[in-house]
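Report on the following structure.
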Number of protein chains: 2
Amino acid sequence: MSLPHVLLGVLEARPMSGYELTQLFGASTRWVWSAPQSQIYPALKKMEDNGLITGEEQTRGTRMTRTVYAITDEGLRELKEWIGTPLPIPPSRDALEVQALYFDLVPAESAKRVLKEFISEQETALEHAEAHEARLLAKDTELLRERMTKRPVEQHDRMARLKAHVFAGHAAVARTRIAWAQEGLRLLDE
Amino acid sequence: MSLPHVLLGVLEARPMSGYELTQLFGASTRWVWSAPQSQIYPALKKMEDNGLITGEEQTRGTRMTRTVYAITDEGLRELKEWIGTPLPIPPSRDALEVQALYFDLVPAESAKRVLKEFISEQETALEHAEAHEARLLAKDTELLRERMTKRPVEQHDRMARLKAHVFAGHAAVARTRIAWAQEGLRLLDE
């Protein structure tokens with residue numbers, strides 16, 4: 001489970017409340033790592049117990065309070081250690097591939113509907129990845145701007161290019177999968 | 001969870017014991033769907049209870065027995081129904097991508113070690129996918145031969161091409177990822 005490391009990576013930009021984190025995981029972060037709210041709060045609690053983050057109660061208005069979490073030196077050390085450690089490839093579990101293995105068992109039209117739906121989802125993912133790559137290259141995301149304030153200006157271009165490259169990879173995989181599915185549509189008609 | 005459908009797909013070739021199934025999931029099937037032995041036996045039990053498969057006790061030698069599972073008509077119907085149903089894209093959880101998002105936080109050498117390890121794993125996956133694609137195109141796998149015995153000869157080429165196409169897709173994605181990681185190595189040196 002890498003959720004703690006994903007959370008540490010986000011908090012490296014700036015301290016955030018649990019609510020802000022769940023909002024991020026519902027929006028931009030979900031393209032890289034999807035986590036439901038039900039996992040995020042327990043993970044934060046455990047990370048706090050382990051000294052990777054500290055929670056600070058903040059008062060909002062007269063009665064509302066919220067906890068804002070900040071990464072600790074220990075948390076930053078743990079994050080850096082994890083980033084530089086080769087991880088085992090996760091096990092393969094791709095339901096579409098299993099479906100595609102048995103497309104010969106169903107009418108071509110059913111199989112084509114599955115592939116067309118997949119192409120449409122991959123096109124959405126591609127569009128998001130290309131847009132996010134462009135925003136990162138333009139240093140135009142809130143989190144990147146916050147991270148850059150803590151780093152020498154001569155590192156900013158490299159930071160932006162390395163982060164953009166992750167989304168360039170997303171886009172390239174999506175394009176490869178779309179081409180694969182299109183070839184599948186052609187094969188089904190044979 | 002698609003494990004029952006993966007098992008139904010395998011059993012469509014021929015009846016197998018739980019032991020044979022776990023051997024398959026430890027070898028060829030793991031490239032498409034990885035499942036530990038601890039999941040396979042309970043899944044078979046539940047599928048039997050649901051009438052998707054039937055188990056038959058076979059005696060081996062004087063005292064050994066084993067249960068051999070066969071797909072039922074109901075199981076085949078369920079498998080075909082599932083194959084033709086578009087599924088939601090699974091949530092993104094790619095730890096390497098999270099690591100790569102923060103490569104700017106660690107020495108270039110650590111990040112490069114992670115990418116080089118990834119390239120080596122992807123090269124293994126590519127090699128397997130290309131070899132399996134070639135074997136399927138040559139109709140040279142045991143399971144495909146067994147499936148073909150139940151189908152008219154004029155369908156055999158299409159069956160082989162559709163199944164080979166799944167591994168062609170694996171290979172294409174592995175090549176895309178290798179190119180991505182190589183570009184990452186170049187960016188880290190900037």
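Residue numbering restarts at 1 in every chain; chains get A, B, ... in the order shown in the structure tokens, and ligands count up from 1 in that same order.
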* Within 6 Å of chain B, which residues of chain A are there when counting only C-alpha atoms? Please give them as a VMD selection string. => chain A and resid 32 to 34 83 to 84 86 91 to 93 99 101 104 110 to 111 114 159 163 169 180
The selected residues should be written to file as a PDB file, in the first residue's frame (atoms: N, CA and C atoms).
ATOM      1  N   VAL A  32      -3.613   9.736 -10.887  1.00  0.00           N
ATOM      2  CA  VAL A  32      -2.394   8.981 -10.592  1.00  0.00           C
ATOM      3  C   VAL A  32      -2.651   7.938  -9.509  1.00  0.00           C
ATOM      4  N   TRP A  33      -3.402   8.323  -8.481  1.00  0.00           N
ATOM      5  CA  TRP A  33      -3.659   7.384  -7.384  1.00  0.00           C
ATOM      6  C   TRP A  33      -5.063   7.633  -6.869  1.00  0.00           C
ATOM      7  N   SER A  34      -5.894   6.644  -6.986  1.00  0.00           N
ATOM      8  CA  SER A  34      -7.273   6.781  -6.556  1.00  0.00           C
ATOM      9  C   SER A  34      -7.419   6.251  -5.131  1.00  0.00           C
ATOM     10  N   ILE A  83      10.858   7.021  -2.629  1.00  0.00           N
ATOM     11  CA  ILE A  83      10.950   7.428  -4.045  1.00  0.00           C
ATOM     12  C   ILE A  83      12.126   6.751  -4.741  1.00  0.00           C
ATOM     13  N   GLY A  84      13.214   6.554  -4.004  1.00  0.00           N
ATOM     14  CA  GLY A  84      14.424   6.004  -4.611  1.00  0.00           C
ATOM     15  C   GLY A  84      14.544   4.498  -4.500  1.00  0.00           C
ATOM     16  N   PRO A  86      13.442   0.837  -5.806  1.00  0.00           N
ATOM     17  CA  PRO A  86      12.704   0.088  -6.832  1.00  0.00           C
ATOM     18  C   PRO A  86      11.646  -0.796  -6.184  1.00  0.00           C
ATOM     19  N   PRO A  91       0.889  -7.010  -9.349  1.00  0.00           N
ATOM     20  CA  PRO A  91       0.319  -8.111 -10.121  1.00  0.00           C
ATOM     21  C   PRO A  91      -0.643  -7.605 -11.196  1.00  0.00           C
ATOM     22  N   SER A  92      -0.662  -8.307 -12.329  1.00  0.00           N
ATOM     23  CA  SER A  92      -1.560  -7.958 -13.439  1.00  0.00           C
ATOM     24  C   SER A  92      -2.989  -8.303 -13.097  1.00  0.00           C
ATOM     25  N   ARG A  93      -3.884  -7.345 -13.239  1.00  0.00           N
ATOM     26  CA  ARG A  93      -5.308  -7.646 -13.089  1.00  0.00           C
ATOM     27  C   ARG A  93      -6.093  -6.721 -13.980  1.00  0.00           C
ATOM     28  N   GLN A  99     -11.534 -10.156 -20.824  1.00  0.00           N
ATOM     29  CA  GLN A  99     -12.666 -10.141 -21.757  1.00  0.00           C
ATOM     30  C   GLN A  99     -12.157 -10.357 -23.191  1.00  0.00           C
ATOM     31  N   LEU A 101      -9.548 -11.758 -24.294  1.00  0.00           N
ATOM     32  CA  LEU A 101      -9.056 -13.118 -24.563  1.00  0.00           C
ATOM     33  C   LEU A 101     -10.176 -14.029 -25.058  1.00  0.00           C
ATOM     34  N   ASP A 104     -13.857 -14.204 -28.926  1.00  0.00           N
ATOM     35  CA  ASP A 104     -14.356 -15.148 -29.941  1.00  0.00           C
ATOM     36  C   ASP A 104     -15.610 -15.889 -29.464  1.00  0.00           C
ATOM     37  N   SER A 110     -21.107  -7.351 -29.615  1.00  0.00           N
ATOM     38  CA  SER A 110     -20.932  -7.170 -28.161  1.00  0.00           C
ATOM     39  C   SER A 110     -19.490  -6.811 -27.850  1.00  0.00           C
ATOM     40  N   ALA A 111     -18.578  -7.518 -28.481  1.00  0.00           N
ATOM     41  CA  ALA A 111     -17.156  -7.260 -28.234  1.00  0.00           C
ATOM     42  C   ALA A 111     -16.792  -5.850 -28.700  1.00  0.00           C
ATOM     43  N   VAL A 114     -17.758  -3.217 -26.198  1.00  0.00           N
ATOM     44  CA  VAL A 114     -16.803  -3.134 -25.087  1.00  0.00           C
ATOM     45  C   VAL A 114     -15.572  -2.323 -25.507  1.00  0.00           C
ATOM     46  N   MET A 159      12.158  20.537 -12.344  1.00  0.00           N
ATOM     47  CA  MET A 159      11.007  20.042 -11.585  1.00  0.00           C
ATOM     48  C   MET A 159       9.784  19.912 -12.504  1.00  0.00           C
ATOM     49  N   LYS A 163       7.926  16.333 -13.707  1.00  0.00           N
ATOM     50  CA  LYS A 163       6.525  16.061 -13.367  1.00  0.00           C
ATOM     51  C   LYS A 163       5.671  15.927 -14.637  1.00  0.00           C
ATOM     52  N   GLY A 169       3.807  10.195 -20.095  1.00  0.00           N
ATOM     53  CA  GLY A 169       3.763   8.733 -20.093  1.00  0.00           C
ATOM     54  C   GLY A 169       2.332   8.205 -20.080  1.00  0.00           C
ATOM     55  N   TRP A 180      -4.463  -0.120 -29.963  1.00  0.00           N
ATOM     56  CA  TRP A 180      -4.698  -1.560 -29.758  1.00  0.00           C
ATOM     57  C   TRP A 180      -6.186  -1.889 -29.921  1.00  0.00           C
TER      58      TRP A 180
END
* Asked: Residues at most 9 Å from Glu56 of chain B, counting only C-alpha atoms, excluding those fewer than 3 positions away in the same chain, as an MDAnalysis selection string?
  -> chainID B and resid 66:70
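When atom CA of Glu146 of chain A is paired with atom CA of Tyr19 of chain A, their separation reads 18.7 Å.
Residue neighbourhood of Gly75 of chain A, excluding near-sequence residues (fewer than 4 positions): His5, Leu8, Met47, Asn50, Gly51, Leu52, Ile53, Ile71, Leu79 and Lys80 of chain A, at 9 Å, using only C-alpha atoms.
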* Rounded to one decimal in Å, what is the spacing between atom CA of Arg151 of chain A and atom CA of Glu78 of chain A? -> 19.4 Å
* **Coordinates-based distance that separates atom CA of Met148 of chain B from atom CA of Glu133 of chain B (Å, one decimal)** => 16.8 Å
* To do: Pull the strand (DSSP E or B) assignments for segment 24-103 of chain B out of DSSP run on the backbone, and list those residues as JSON, numbers by chain.
  => {"B": [33, 53, 54, 55, 56, 57, 58, 59, 60, 64, 65, 66, 67, 68, 69, 70, 71, 93]}
So which residues touch Glu20 of chain A within 12 Å, counting only C-alpha atoms, skipping near sequence neighbours fewer than 2 positions away, as a PDB file with C-alpha atoms, in the first residue's frame?
ATOM      1  CA  LEU A   7      -0.168  11.646   0.931  1.00  0.00           C
ATOM      2  CA  VAL A  10       1.063  15.934  -1.686  1.00  0.00           C
ATOM      3  CA  LEU A  11       1.823  17.383   1.764  1.00  0.00           C
ATOM      4  CA  ARG A  14       2.136  22.564   1.807  1.00  0.00           C
ATOM      5  CA  PRO A  15       0.112  21.625   4.919  1.00  0.00           C
ATOM      6  CA  MET A  16      -3.474  20.608   4.167  1.00  0.00           C
ATOM      7  CA  SER A  17      -6.572  19.505   6.033  1.00  0.00           C
ATOM      8  CA  GLY A  18      -8.051  16.040   5.599  1.00  0.00           C
ATOM      9  CA  THR A  22     -10.009  14.175  -0.019  1.00  0.00           C
ATOM     10  CA  GLN A  23     -10.946  16.919  -2.490  1.00  0.00           C
ATOM     11  CA  LEU A  24      -7.612  16.517  -4.271  1.00  0.00           C
ATOM     12  CA  PHE A  25      -8.021  12.733  -4.380  1.00  0.00           C
ATOM     13  CA  GLY A  26     -11.456  13.221  -5.882  1.00  0.00           C
ATOM     14  CA  ALA A  27     -10.040  15.509  -8.584  1.00  0.00           C
ATOM     15  CA  SER A  28      -6.500  15.762  -9.981  1.00  0.00           C
ATOM     16  CA  THR A  29      -4.734  13.175  -7.809  1.00  0.00           C
ATOM     17  CA  GLN A  37     -12.252   9.203   1.685  1.00  0.00           C
ATOM     18  CA  ILE A  40      -7.571   8.792   3.687  1.00  0.00           C
ATOM     19  CA  TYR A  41      -8.595   9.701   7.256  1.00  0.00           C
ATOM     20  CA  ARG A  66     -10.234  21.477  11.519  1.00  0.00           C
ATOM     21  CA  THR A  67      -6.959  19.593  11.654  1.00  0.00           C
ATOM     22  CA  VAL A  68      -4.259  20.718   9.260  1.00  0.00           C
ATOM     23  CA  TYR A  69      -1.521  18.177   8.566  1.00  0.00           C
TER      24      TYR A  69
END
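Checking A:Pro4, A:Ala131, A:Ala138, A:Glu74 one by one against Thr54 of chain A, counting only C-alpha atoms, you find the shortest gap at A:Glu74.
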* Could you give me, as a PyMOL selection string, each residue of chain A that DSSP assigns to alpha helix (DSSP H) when run on this structure's backbone? => chain A and resi 3-11+18-26+37-49+73-83+95-101+108-137+142-149+156-188
